[in-house]
$ cat run_6.cif   # mmCIF, C-alpha atoms
data_work
#
loop_
_atom_site.label_atom_id
_atom_site.label_comp_id
_atom_site.auth_asym_id
_atom_site.auth_seq_id
_atom_site.Cartn_x
_atom_site.Cartn_y
_atom_site.Cartn_z
CA MET J 9 22.61 16.74 9.39
CA SER J 10 22.50 13.06 8.45
CA ALA J 11 19.44 11.55 6.81
CA PRO J 12 17.22 9.16 8.80
CA ALA J 13 17.88 5.47 8.37
CA GLY J 14 16.53 4.18 5.08
CA VAL J 15 16.35 7.62 3.43
CA ARG J 16 18.30 8.18 0.24
CA ARG J 17 19.82 11.50 -0.63
CA ALA J 18 18.93 13.30 -3.84
CA GLY J 19 20.65 11.80 -6.86
CA GLU J 20 21.29 8.39 -5.34
CA PRO J 21 20.16 5.36 -7.35
CA VAL J 22 16.50 4.43 -7.28
CA VAL J 23 17.29 0.74 -7.47
CA ALA J 24 18.44 -0.74 -4.19
CA PRO J 25 21.61 -2.82 -4.20
CA SER J 26 20.77 -6.45 -4.86
CA GLY J 27 21.00 -8.97 -2.09
CA GLY J 28 20.42 -6.55 0.75
CA GLY J 29 17.52 -5.38 2.83
CA GLU J 30 17.60 -1.97 1.19
CA ARG J 31 14.41 -0.17 0.24
CA TYR J 32 13.55 0.93 -3.28
CA ALA J 33 13.55 4.73 -3.32
CA HIS J 34 11.13 5.00 -6.23
CA VAL J 35 8.63 2.76 -4.43
CA ASP J 36 8.82 4.97 -1.35
CA ALA J 37 8.31 7.97 -3.64
CA LEU J 38 5.15 6.31 -4.97
CA ARG J 39 4.03 5.85 -1.37
CA ALA J 40 4.60 9.56 -0.78
CA VAL J 41 2.48 10.52 -3.79
CA ALA J 42 -0.24 8.06 -2.79
CA VAL J 43 -0.57 9.29 0.78
CA LEU J 44 -0.50 12.94 -0.30
CA LEU J 45 -3.40 12.28 -2.66
CA VAL J 46 -5.39 10.86 0.24
CA VAL J 47 -4.47 13.71 2.58
CA LEU J 48 -5.26 16.42 0.02
CA ALA J 49 -8.63 14.85 -0.74
CA HIS J 50 -9.56 14.65 2.95
CA ALA J 51 -8.36 18.22 3.51
CA GLY J 52 -11.09 19.51 1.23
CA LEU J 53 -9.94 18.89 -2.33
CA ALA J 54 -11.86 15.67 -2.97
CA GLN J 55 -13.57 17.19 -6.00
CA VAL J 56 -10.27 17.76 -7.80
CA VAL J 57 -7.78 15.35 -6.15
CA PRO J 58 -8.45 11.61 -6.60
CA GLY J 59 -7.84 10.37 -3.06
CA ALA J 60 -9.09 6.89 -3.97
CA THR J 61 -6.19 6.63 -6.42
CA GLY J 62 -3.78 6.81 -3.50
CA VAL J 63 -5.37 3.79 -1.83
CA THR J 64 -5.25 1.81 -5.07
CA VAL J 65 -1.54 2.58 -5.45
CA PHE J 66 -0.97 1.43 -1.86
CA PHE J 67 -2.62 -1.90 -2.66
CA ALA J 68 -0.36 -2.43 -5.67
CA ILE J 69 2.76 -1.51 -3.69
CA SER J 70 1.80 -3.86 -0.87
CA GLY J 71 1.38 -6.80 -3.23
CA PHE J 72 4.74 -6.05 -4.83
CA VAL J 73 6.66 -5.58 -1.58
CA ILE J 74 5.25 -8.60 0.23
CA THR J 75 5.94 -10.88 -2.73
CA THR J 76 9.46 -9.52 -3.17
CA VAL J 77 10.22 -10.13 0.51
CA LEU J 78 8.88 -13.69 0.36
CA LEU J 79 10.84 -14.48 -2.80
CA ARG J 80 14.00 -13.28 -1.07
CA GLU J 81 13.22 -15.39 1.97
CA ARG J 82 12.67 -18.47 -0.17
CA ARG J 83 15.91 -17.84 -2.03
CA ARG J 84 17.80 -17.35 1.25
CA THR J 85 16.29 -20.10 3.40
CA GLY J 86 14.51 -22.42 1.00
CA GLY J 87 11.30 -22.08 3.00
CA PHE J 88 8.80 -19.81 4.68
CA GLN J 89 8.13 -19.12 8.36
CA PRO J 90 4.52 -17.99 8.86
CA SER J 91 5.21 -16.96 12.46
CA ALA J 92 7.96 -14.57 11.37
CA PHE J 93 5.80 -13.28 8.51
CA TYR J 94 2.91 -12.39 10.81
CA ALA J 95 5.24 -11.05 13.50
CA ARG J 96 6.70 -8.63 10.95
CA ARG J 97 3.23 -7.58 9.84
CA LEU J 98 2.10 -7.08 13.45
CA LEU J 99 5.15 -5.02 14.36
CA LYS J 100 4.71 -2.92 11.23
CA LEU J 101 1.00 -2.23 11.63
CA GLY J 102 0.42 -2.59 15.35
CA PRO J 103 2.40 0.16 17.12
CA PRO J 104 1.09 3.11 15.05
CA PHE J 105 -2.41 1.64 15.14
CA VAL J 106 -2.35 1.48 18.94
CA VAL J 107 -0.98 5.01 19.30
CA VAL J 108 -3.07 6.73 16.63
CA VAL J 109 -6.34 4.78 16.68
CA LEU J 110 -6.78 2.48 19.66
CA VAL J 111 -5.66 4.70 22.55
CA PRO J 112 -7.52 7.78 21.21
CA THR J 113 -10.58 5.55 20.78
CA LEU J 114 -10.46 4.62 24.47
CA VAL J 115 -10.21 8.30 25.38
CA PHE J 116 -13.02 9.20 22.99
CA ALA J 117 -15.21 6.49 24.52
CA VAL J 118 -15.11 8.38 27.83
CA LEU J 119 -16.61 11.43 26.13
CA SER J 120 -18.99 9.83 23.64
CA SER J 121 -20.79 6.60 22.86
CA ILE J 122 -18.80 4.03 20.86
CA ASP J 123 -19.84 0.99 18.85
CA TRP J 124 -17.45 -1.57 20.31
CA ARG J 125 -18.44 -4.09 17.65
CA ALA J 126 -17.13 -1.69 15.01
CA VAL J 127 -13.99 -0.99 17.05
CA SER J 128 -13.38 -4.74 17.33
CA ALA J 129 -13.79 -4.99 13.57
CA GLN J 130 -11.10 -2.35 13.19
CA VAL J 131 -8.74 -4.21 15.51
CA PHE J 132 -9.25 -7.56 13.79
CA PHE J 133 -9.12 -6.18 10.24
CA VAL J 134 -12.69 -6.85 9.08
CA TYR J 135 -13.95 -3.28 9.33
CA ASN J 136 -14.37 -2.87 5.58
CA TRP J 137 -17.26 -5.35 5.57
CA LEU J 138 -19.18 -3.32 8.14
CA TYR J 139 -18.50 -0.27 6.00
CA THR J 140 -19.87 -1.89 2.83
CA ASP J 141 -23.32 -2.63 4.28
CA GLY J 142 -23.61 0.50 6.42
CA SER J 143 -23.67 -1.42 9.70
CA ALA J 144 -20.55 0.23 11.15
CA GLY J 145 -21.53 2.25 14.19
CA ARG J 146 -19.76 5.15 15.82
CA VAL J 147 -15.99 4.87 16.02
CA LEU J 148 -13.23 7.38 16.59
CA PRO J 149 -13.87 10.13 14.01
CA GLY J 150 -11.33 9.76 11.21
CA SER J 151 -10.40 6.17 12.03
CA SER J 152 -12.55 4.78 9.22
CA VAL J 153 -9.47 4.85 6.97
CA VAL J 154 -8.51 1.46 8.41
CA TRP J 155 -10.90 -0.17 5.92
CA SER J 156 -8.00 -0.46 3.46
CA LEU J 157 -5.79 -2.20 6.03
CA ALA J 158 -8.56 -4.75 6.53
CA ILE J 159 -8.56 -5.61 2.82
CA GLU J 160 -4.79 -6.06 2.76
CA GLU J 161 -4.67 -8.26 5.85
CA GLN J 162 -7.56 -10.45 4.73
CA PHE J 163 -5.74 -11.03 1.46
CA TYR J 164 -2.46 -11.82 3.19
CA ILE J 165 -4.03 -14.44 5.43
CA VAL J 166 -5.12 -16.36 2.33
CA PHE J 167 -1.90 -15.55 0.50
CA ALA J 168 0.29 -16.89 3.34
CA VAL J 169 -1.65 -20.16 3.40
CA LEU J 170 -1.21 -20.59 -0.34
CA TRP J 171 2.47 -19.62 -0.09
CA ILE J 172 3.03 -22.38 2.49
CA MET J 173 1.85 -24.89 -0.10
CA ALA J 174 3.76 -23.32 -2.99
CA VAL J 175 7.09 -22.47 -1.38
CA ARG J 176 8.58 -25.97 -1.66
CA SER J 177 7.48 -26.45 -5.24
CA ARG J 178 9.92 -26.16 -8.11
CA HIS J 179 7.17 -24.23 -9.84
CA CYS J 180 6.86 -21.60 -7.15
CA THR J 181 6.91 -18.74 -9.65
CA ARG J 182 4.06 -20.30 -11.59
CA TRP J 183 2.01 -20.61 -8.41
CA LEU J 184 2.56 -16.94 -7.67
CA LEU J 185 1.46 -16.02 -11.16
CA VAL J 186 -1.66 -18.17 -10.75
CA ILE J 187 -2.49 -16.47 -7.43
CA GLY J 188 -1.86 -13.02 -8.84
CA THR J 189 -3.79 -13.69 -12.05
CA ALA J 190 -6.77 -15.08 -10.12
CA ALA J 191 -6.86 -11.91 -8.04
CA VAL J 192 -6.44 -9.66 -11.09
CA LEU J 193 -9.41 -11.33 -12.79
CA THR J 194 -11.59 -11.45 -9.69
CA GLY J 195 -11.64 -7.73 -8.93
CA PRO J 196 -13.00 -6.42 -12.26
CA VAL J 197 -15.49 -9.29 -12.55
CA VAL J 198 -16.88 -8.61 -9.08
CA ARG J 199 -17.03 -4.86 -9.71
CA THR J 200 -18.82 -5.42 -13.02
CA VAL J 201 -21.41 -7.70 -11.44
CA LEU J 202 -21.96 -5.32 -8.54
CA TRP J 203 -22.26 -2.34 -10.90
CA SER J 204 -24.76 -4.16 -13.11
CA GLU J 205 -26.84 -4.99 -10.05
CA GLY J 206 -26.86 -1.36 -8.92
CA ALA J 207 -24.67 -1.92 -5.85
CA SER J 208 -23.64 1.08 -3.81
CA ASN J 209 -20.31 2.83 -4.22
CA THR J 210 -19.34 1.69 -0.74
CA ARG J 211 -19.87 -1.96 -1.65
CA ILE J 212 -17.74 -1.61 -4.77
CA LEU J 213 -15.07 0.51 -3.10
CA TYR J 214 -14.71 -1.31 0.24
CA GLY J 215 -15.37 -4.96 -0.57
CA THR J 216 -12.30 -7.18 -0.42
CA ASP J 217 -13.49 -9.24 -3.38
CA ALA J 218 -13.84 -6.08 -5.48
CA ARG J 219 -10.36 -4.73 -4.73
CA VAL J 220 -8.04 -7.75 -4.74
CA ASP J 221 -6.93 -7.14 -8.32
CA SER J 222 -4.69 -4.28 -7.20
CA ILE J 223 -2.79 -6.50 -4.77
CA GLY J 224 -2.75 -9.31 -7.34
CA LEU J 225 -1.13 -7.15 -10.00
CA GLY J 226 1.46 -6.12 -7.41
CA ILE J 227 2.25 -9.81 -6.96
CA ILE J 228 2.64 -10.30 -10.70
CA ALA J 229 4.88 -7.23 -10.93
CA ALA J 230 7.17 -8.68 -8.25
CA VAL J 231 7.43 -12.00 -10.09
CA VAL J 232 8.11 -10.32 -13.43
CA VAL J 233 10.82 -8.08 -11.96
CA ASP J 234 12.36 -11.09 -10.21
CA VAL J 235 12.46 -13.08 -13.44
CA LEU J 236 13.86 -10.13 -15.40
CA SER J 237 16.65 -9.63 -12.85
CA ASP J 238 18.49 -12.01 -15.18
CA PRO J 239 19.09 -9.80 -18.25
CA ALA J 240 19.17 -12.87 -20.49
CA ARG J 241 15.57 -13.81 -19.74
CA LEU J 242 12.69 -12.37 -21.79
CA PRO J 243 14.72 -9.49 -23.27
CA ARG J 244 11.77 -8.14 -25.28
CA VAL J 245 9.59 -7.89 -22.18
CA ARG J 246 12.43 -6.19 -20.36
CA ARG J 247 12.88 -3.64 -23.17
CA VAL J 248 9.18 -2.76 -23.08
CA LEU J 249 8.96 -2.37 -19.31
CA ALA J 250 12.25 -0.45 -19.14
CA SER J 251 11.31 1.96 -21.92
CA ASP J 252 10.33 5.58 -21.33
CA ALA J 253 7.06 4.70 -23.07
CA ALA J 254 6.08 2.71 -19.97
CA VAL J 255 6.20 5.93 -17.94
CA LEU J 256 4.14 7.71 -20.60
CA VAL J 257 1.49 4.96 -20.51
CA ALA J 258 1.38 5.14 -16.71
CA GLY J 259 0.90 8.89 -16.87
CA VAL J 260 -1.94 8.57 -19.39
CA LEU J 261 -3.67 5.96 -17.23
CA PHE J 262 -3.46 8.17 -14.15
CA LEU J 263 -4.66 11.17 -16.15
CA ALA J 264 -7.65 9.18 -17.42
CA SER J 265 -8.65 8.43 -13.83
CA ALA J 266 -8.88 12.13 -13.15
CA LEU J 267 -10.58 13.15 -16.40
CA VAL J 268 -12.89 10.31 -17.43
CA ARG J 269 -16.06 10.72 -15.41
CA GLN J 270 -18.18 8.02 -17.07
CA ASP J 271 -19.79 5.91 -14.34
CA LEU J 272 -18.79 2.47 -15.64
CA TYR J 273 -15.16 3.55 -15.99
CA GLN J 274 -15.02 5.18 -12.56
CA ARG J 275 -16.56 2.29 -10.68
CA VAL J 276 -15.28 -0.73 -12.65
CA ALA J 277 -12.25 0.05 -14.82
CA ARG J 278 -10.54 2.83 -12.88
CA PRO J 279 -8.92 0.68 -10.13
CA SER J 280 -7.47 -1.66 -12.77
CA ALA J 281 -6.08 1.23 -14.81
CA GLU J 282 -4.50 2.88 -11.78
CA THR J 283 -3.01 -0.40 -10.61
CA LEU J 284 -1.48 -1.05 -14.02
CA ALA J 285 0.01 2.46 -13.97
CA ALA J 286 1.56 1.86 -10.54
CA ALA J 287 2.94 -1.53 -11.60
CA LEU J 288 4.51 -0.02 -14.72
CA LEU J 289 6.26 2.66 -12.65
CA ILE J 290 7.51 0.10 -10.14
CA ALA J 291 8.93 -2.12 -12.88
CA TYR J 292 10.44 0.81 -14.79
CA GLY J 293 12.29 2.06 -11.73
CA LEU J 294 13.86 -1.35 -11.21
CA LEU J 295 14.62 -2.34 -14.78
CA ARG J 296 15.77 0.94 -16.33
CA THR J 297 19.33 1.88 -15.45
CA SER J 298 20.07 5.01 -17.50
CA GLY J 299 18.57 7.80 -19.58
CA ARG J 300 17.48 11.38 -18.93
CA LEU J 301 13.98 10.53 -17.76
CA ARG J 302 15.25 7.73 -15.53
CA THR J 303 17.88 10.03 -14.01
CA ALA J 304 15.40 12.85 -13.45
CA LEU J 305 12.87 10.56 -11.79
CA GLY J 306 15.63 9.03 -9.70
CA ARG J 307 16.72 12.42 -8.40
CA LEU J 308 13.15 13.42 -7.64
CA ALA J 309 12.44 10.12 -5.86
CA GLY J 310 15.65 10.43 -3.86
CA LEU J 311 14.85 13.85 -2.41
CA ARG J 312 14.93 13.64 1.36
CA VAL J 313 11.48 15.17 1.84
CA VAL J 314 9.98 12.69 -0.64
CA GLN J 315 11.65 9.76 1.07
CA VAL J 316 10.59 10.82 4.56
CA VAL J 317 6.96 11.21 3.50
CA GLY J 318 7.12 7.82 1.78
CA LEU J 319 8.65 6.09 4.77
CA ALA J 320 6.09 7.73 7.07
CA SER J 321 3.16 7.10 4.72
CA TYR J 322 1.51 4.47 6.92
CA SER J 323 1.53 6.68 10.00
CA ILE J 324 0.41 9.67 7.93
CA TYR J 325 -2.44 7.62 6.50
CA LEU J 326 -3.60 6.54 9.96
CA ALA J 327 -3.18 9.90 11.69
CA HIS J 328 -4.20 12.60 9.24
CA LEU J 329 -7.98 12.16 9.19
CA VAL J 330 -8.20 11.58 12.96
CA LEU J 331 -6.39 14.88 13.44
CA MET J 332 -8.52 16.68 10.84
CA ARG J 333 -11.73 15.52 12.51
CA ALA J 334 -10.42 16.49 15.95
CA ILE J 335 -9.59 20.07 14.98
CA GLY J 336 -12.24 20.54 12.32
CA SER J 337 -14.40 22.97 14.26
CA SER J 338 -11.36 25.08 15.14
CA VAL J 339 -10.45 25.74 11.51
CA ASP J 340 -13.90 25.90 9.93
CA GLY J 341 -13.83 29.69 10.06
CA LEU J 342 -10.68 29.93 7.96
CA THR J 343 -10.77 30.47 4.24
CA ALA J 344 -10.06 27.43 2.08
CA ALA J 345 -6.74 28.98 1.03
CA LEU J 346 -5.62 28.85 4.67
CA ARG J 347 -7.55 25.85 5.98
CA ILE J 348 -6.47 23.29 3.37
CA PRO J 349 -2.68 23.92 3.57
CA LEU J 350 -2.92 23.97 7.37
CA LEU J 351 -4.75 20.64 7.50
CA VAL J 352 -2.32 19.06 5.04
CA ALA J 353 0.73 20.33 6.95
CA LEU J 354 -0.63 19.16 10.30
CA GLY J 355 -1.76 15.79 8.96
CA VAL J 356 1.60 15.07 7.34
CA GLY J 357 3.57 16.50 10.25
CA VAL J 358 1.82 14.45 12.92
CA GLY J 359 2.23 11.34 10.77
CA VAL J 360 5.96 11.95 10.36
CA LEU J 361 6.33 12.46 14.13
CA CYS J 362 4.50 9.17 14.73
CA TRP J 363 6.80 7.43 12.27
CA ARG J 364 9.92 8.73 14.00
CA ALA J 365 8.66 8.13 17.54
CA VAL J 366 6.81 4.84 17.03
CA GLU J 367 7.54 3.11 13.72
CA VAL J 368 11.31 3.60 13.64
CA PRO J 369 11.92 2.16 17.16
CA ALA J 370 9.53 -0.71 16.47
CA LEU J 371 11.36 -1.49 13.22
CA ALA J 372 14.73 -1.40 14.99
CA TRP J 373 13.45 -3.81 17.63
CA ARG J 374 12.01 -6.09 14.95
CA ARG J 375 15.33 -6.22 13.14
CA ARG J 376 17.12 -7.19 16.35
CA VAL J 377 14.64 -9.78 17.53
CA VAL J 378 12.46 -11.11 14.71
CA ASP J 379 14.65 -10.73 11.64
CA GLN J 380 17.70 -12.21 13.39
CA ARG J 381 16.01 -15.49 14.29
CA PRO J 382 17.76 -18.54 12.90
CA ALA J 383 16.04 -19.53 9.66
CA GLY J 384 14.05 -22.71 10.04
CA GLY J 385 13.95 -23.38 6.34
CA GLY J 386 10.58 -25.04 6.57
CA ALA J 387 7.02 -23.92 6.08
#
$ encode --input "run_6.cif" --output "structure tokens"
Amino acid sequence: MSAPAGVRRAGEPVVAPSGGGERYAHVDALRAVAVLLVVLAHAGLAQVVPGATGVTVFFAISGFVITTVLLRERRRTGGFQPSAFYARRLLKLGPPFVVVVLVPTLVFAVLSSIDWRAVSAQVFFVYNWLYTDGSAGRVLPGSSVVWSLAIEEQFYIVFAVLWIMAVRSRHCTRWLLVIGTAAVLTGPVVRTVLWSEGASNTRILYGTDARVDSIGLGIIAAVVVDVLSDPARLPRVRRVLASDAAVLVAGVLFLASALVRQDLYQRVARPSAETLAAALLIAYGLLRTSGRLRTALGRLAGLRVVQVVGLASYSIYLAHLVLMRAIGSSVDGLTAALRIPLLVALGVGVGVLCWRAVEVPALAWRRRVVDQRPAGGGA
């Protein structure tokens, strides 16, 4: 049986061929790990599985992928088309959101009261701010996970505006580094101030200003990898990022997130540490070309099941908690040893089905219609 489009077989290279629209297998593997952390935490393992780590990794990946795509577009066309950028975002996020969140919300509204202000906030990607101050009313149970999408989209609105101004500059890379660095500095500063003022966990966790550093470091990672695509540039930096030690450091940082329980670390430093770990793994997978560890990680990342979960991670993220809340009373009587694996399997399975039935056709249509538009070359 042939693999779905975009899925690599075990043992194939992690690094996508240059110049094409190929995906990076190791990045999709990181997506798979991230979404499984979230699903496992929501299934009942929140005390031992750091679900918040998964969201942080998603932020870092998003910053990396968006910046990489825009750098390719600038290199190919010399410009940037905001309409195409937002059309791609809408066709990526919209179809699963409608199927998994919006339509079930309309059905749920027939059976129960709904806070339409909160639903509107979900639709227009500002829901996280209602969440931070506790003003979000009743929505579809399980749909609160869209808070993270709100943070990403708010950031990208600002990022696209800044990119319009920077794209024609000869110093485009510098502008990207400035944007990324500003975001990287903003997040920890805001979290520190909020923590010192005794702000709630929800304010620190769900505020856009407190979480932008993860996306910002993803941007910086994309710029660094792009610069280092020329082996002659910054060879010392390349050696460090392509060394097995980078993987070891990433592992230690992730382990610290699980083991260090000190309040200041958990609420202020942890997102930065996890983001740095994700960025190191992304860069390593692209810059390292050989070695036992690199080969082993490449084979693991290329496994079909890993790739499918990674490709379906967005739909899994949207669908799993809605499903868990819907069937919660039906499985409450089961022992944890049965209930948790069942919830995980159903959450992942429904997400994969949504990906195949909704995301894949939408992506195919986007490639035919949006991605094939003649390049305008201008901003």
$ residues_around --input "run_6.cif" --residues "Ala254 (chain J)" --least-positions-apart "4" --cutoff "9 Å" --atoms "only C-alpha atoms" --output "ChimeraX atom specification"
/J:248-250,258-259,285,288-289,292
$ residues_around --input "run_6.cif" --residues "Arg374 (chain J)" --least-positions-apart "5" --cutoff "12 Å" --atoms "only C-alpha atoms" --output "list in words"
Ala92, Phe93, Tyr94, Ala95, Arg96, Arg97, Leu98, Leu99, Lys100, Pro103, Glu367, Val368, Pro369, Asp379, Gln380 and Arg381 of chain J
$ atom_distance --input "run_6.cif" --atom1 "CA of Ala240 (chain J)" --atom2 "CA of Leu295 (chain J)"
12.8 Å
$ atom_distance --input "run_6.cif" --atom1 "CA of Leu170 (chain J)" --atom2 "CA of Arg199 (chain J)"
24.2 Å
$ atom_distance --input "run_6.cif" --atom1 "CA of Gly52 (chain J)" --atom2 "CA of Leu331 (chain J)"
13.9 Å
$ closest_residue --input "run_6.cif" --among "J:Leu371, J:Ala126, J:Val198, J:Ala286" --to "Trp155 (chain J)" --atoms "all atoms listed in the file"
J:Ala126
$ resolve_selection --input "run_6.cif" --expression "the PyMOL selection byres ((chain J and resi 210) around 12)" --output "PyMOL selection string"
chain J and resi 60+136-143+155+199+202-203+206-209+211-216+218-219+275
$ resolve_selection --input "run_6.cif" --expression "the PyMOL selection byres ((chain J and resi 164) around 10)" --output "list in words"
Ser70, Gly71, Ile74, Phe93, Tyr94, Arg97, Ala158, Ile159, Glu160, Glu161, Gln162, Phe163, Ile165, Val166, Phe167, Ala168, Val169, Leu170, Trp171 and Ile223 of chain J
$ write_last_selection --input "run_6.cif" --atoms "C-alpha atoms" --output "tab-separated table (two decimals), keeping the file's coordinate frame"
chain	number	residue	atom	x	y	z
J	70	SER	CA	1.80	-3.86	-0.87
J	71	GLY	CA	1.38	-6.80	-3.23
J	74	ILE	CA	5.25	-8.60	0.23
J	93	PHE	CA	5.80	-13.28	8.51
J	94	TYR	CA	2.91	-12.39	10.81
J	97	ARG	CA	3.23	-7.58	9.84
J	158	ALA	CA	-8.56	-4.75	6.53
J	159	ILE	CA	-8.56	-5.61	2.82
J	160	GLU	CA	-4.79	-6.06	2.76
J	161	GLU	CA	-4.67	-8.26	5.85
J	162	GLN	CA	-7.56	-10.45	4.73
J	163	PHE	CA	-5.74	-11.03	1.46
J	165	ILE	CA	-4.03	-14.44	5.43
J	166	VAL	CA	-5.12	-16.36	2.33
J	167	PHE	CA	-1.90	-15.55	0.50
J	168	ALA	CA	0.29	-16.89	3.34
J	169	VAL	CA	-1.65	-20.16	3.40
J	170	LEU	CA	-1.21	-20.59	-0.34
J	171	TRP	CA	2.47	-19.62	-0.09
J	223	ILE	CA	-2.79	-6.50	-4.77
$ closest_residue --input "run_6.cif" --among "J:Thr194, J:Thr200, J:Thr76, J:Thr85" --to "Val233 (chain J)" --atoms "only C-alpha atoms"
J:Thr76
$ closest_residue --input "run_6.cif" --among "J:Pro149, J:Pro90, J:Gly310, J:Pro196" --to "Thr113 (chain J)" --atoms "all atoms listed in the file"
J:Pro149
$ closest_residue --input "run_6.cif" --among "J:Val276, J:Ile172, J:Leu346, J:Ala281" --to "Ser91 (chain J)" --atoms "all atoms listed in the file"
J:Ile172
$ closest_residue --input "run_6.cif" --among "J:Ala370, J:Val131, J:Val197, J:Leu225" --to "Ala291 (chain J)" --atoms "all atoms listed in the file"
J:Leu225
$ closest_residue --input "run_6.cif" --among "J:Ser280, J:Ser128, J:Ser151, J:Gln315" --to "Thr64 (chain J)" --atoms "all atoms listed in the file"
J:Ser280
$ build_atoms --input "run_6.cif" --residues "region 342-348 of chain J" --atoms "all heavy atoms" --output "compact mmCIF listing (two decimals), in the coordinates of the input"
# COMPACT_ATOMS: atom_id res chain seq x y z
N LEU J 342 -11.75 29.47 8.85
CA LEU J 342 -10.68 29.93 7.96
C LEU J 342 -11.10 29.79 6.50
O LEU J 342 -11.92 28.95 6.15
CB LEU J 342 -9.42 29.10 8.19
CG LEU J 342 -8.79 29.16 9.59
CD1 LEU J 342 -7.60 28.23 9.66
CD2 LEU J 342 -8.39 30.58 9.95
N THR J 343 -10.54 30.61 5.66
CA THR J 343 -10.77 30.47 4.24
C THR J 343 -10.12 29.18 3.74
O THR J 343 -9.17 28.67 4.36
CB THR J 343 -10.17 31.66 3.46
OG1 THR J 343 -8.75 31.64 3.62
CG2 THR J 343 -10.76 32.97 3.97
N ALA J 344 -10.62 28.66 2.63
CA ALA J 344 -10.06 27.43 2.08
C ALA J 344 -8.58 27.57 1.79
O ALA J 344 -7.80 26.61 1.95
CB ALA J 344 -10.82 27.04 0.81
N ALA J 345 -8.15 28.75 1.36
CA ALA J 345 -6.74 28.98 1.03
C ALA J 345 -5.84 28.82 2.24
O ALA J 345 -4.65 28.51 2.12
CB ALA J 345 -6.56 30.38 0.43
N LEU J 346 -6.38 29.04 3.44
CA LEU J 346 -5.62 28.85 4.67
C LEU J 346 -5.89 27.48 5.29
O LEU J 346 -4.97 26.82 5.78
CB LEU J 346 -5.97 29.96 5.68
CG LEU J 346 -5.53 31.37 5.34
CD1 LEU J 346 -6.05 32.36 6.37
CD2 LEU J 346 -4.00 31.45 5.26
N ARG J 347 -7.15 27.08 5.28
CA ARG J 347 -7.55 25.85 5.98
C ARG J 347 -6.91 24.61 5.35
O ARG J 347 -6.37 23.75 6.07
CB ARG J 347 -9.07 25.71 5.97
CG ARG J 347 -9.57 24.50 6.75
CD ARG J 347 -11.08 24.40 6.73
NE ARG J 347 -11.60 24.11 5.40
CZ ARG J 347 -12.20 24.98 4.62
NH1 ARG J 347 -12.36 26.23 5.03
NH2 ARG J 347 -12.65 24.65 3.42
N ILE J 348 -6.96 24.51 4.02
CA ILE J 348 -6.47 23.29 3.37
C ILE J 348 -4.96 23.10 3.56
O ILE J 348 -4.53 22.02 3.98
CB ILE J 348 -6.86 23.30 1.88
CG1 ILE J 348 -8.38 23.17 1.74
CG2 ILE J 348 -6.16 22.17 1.13
CD1 ILE J 348 -8.90 23.32 0.33
